[in-house]
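Below is one structure, written out as structure tokens; the observations come after it.
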Amino acid sequence: MSATRTRLVPALALPLTLLSALVLSGCGLFGPPTYAYDERSIEVDAGEEFTLSVPASPSLGENWYVADPRPDRDVARLRGQDEDWEDDGGVDGGGGGTQSFTFRAVEPGTTKIKLLYCKLGTCAAKFGDPAPSPSPSESPFPVASGSPGENDREYFIYTLTVR
């Protein structure tokens with residue numbers, strides 16, 4: 001009977017280890033916590049990194065940009081940008097994916113992070129370029145109230161509180 005127990009413990013250890021790793025990965029222990037476009041109120045600790053991850057199809061000209069006014073540099077700083085998309089094999093000319101913006105929380109305080117969403121090439125800039133501004137003949141871009149794609153160009157505004 002003790003031989004059965006000895007074999008059973010290692011057999012259970014691997015699934016429990018994998019389950020623990022999966023649960024802990026959602027807590028940001030294996031990378032910065034990630035927030036989606038609909039999580040517009042963010043609280044983090046000073047010194048912590050976090051990522052805003054938003055849906056995009058860069059191959060179709062759909063992009064996101066950090067827009068002006070930029071976040072208060074005493075509260076948060078942009079550390080990097082990344083894009084990740086899937087190639088659909090040329091079936092419809094593009095694939096879905098995400099664009100990510102990683103920030104570091106610097107000191108306690110509150111600031112706004114303003115991302116500009118541009119649908120299907122409506123902004124003449126590439127990912128990583130400075131965010132385009134409305135031309136004088138255009139009215140200001142609207143502030144999004146729902147999901148991306150409701151307008152050709154819209155701002156998604158996040159409120160960041162650093163503890």
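Residues are referred to by chain and number: the chain letter is A, B, ... according to the order shown in the structure tokens, the number counts from 1 in that chain, and ligands are numbered separately from 1 in the order shown.
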
**Report entry** Contacts of A:Asp38 within 9 Å, only C-alpha atoms, excl. fewer than 5 positions in-chain, as a PyMOL selection string
**Finding:** chain A and resi 146-147+156

Report task. For stretch 107-124 of chain A, work out the shell of residues within 9 Å, counting only C-alpha atoms and skipping chain neighbours fewer than 3 positions away, then give it as a PyMOL selection string. Result -> chain A and resi 45-47+56-58+60-72+74-76+131-133+141+148-149+151-163

Query raised in the report: How many Å separate atom CA of A:Phe127 from atom CA of A:Ser59?
Result: 10.6 Å

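Proximity to A:Phe101 was assessed for A:Tyr35, A:Val143, A:Asp129, A:Ile42 counting only C-alpha atoms; the smallest distance is recorded for A:Tyr35.
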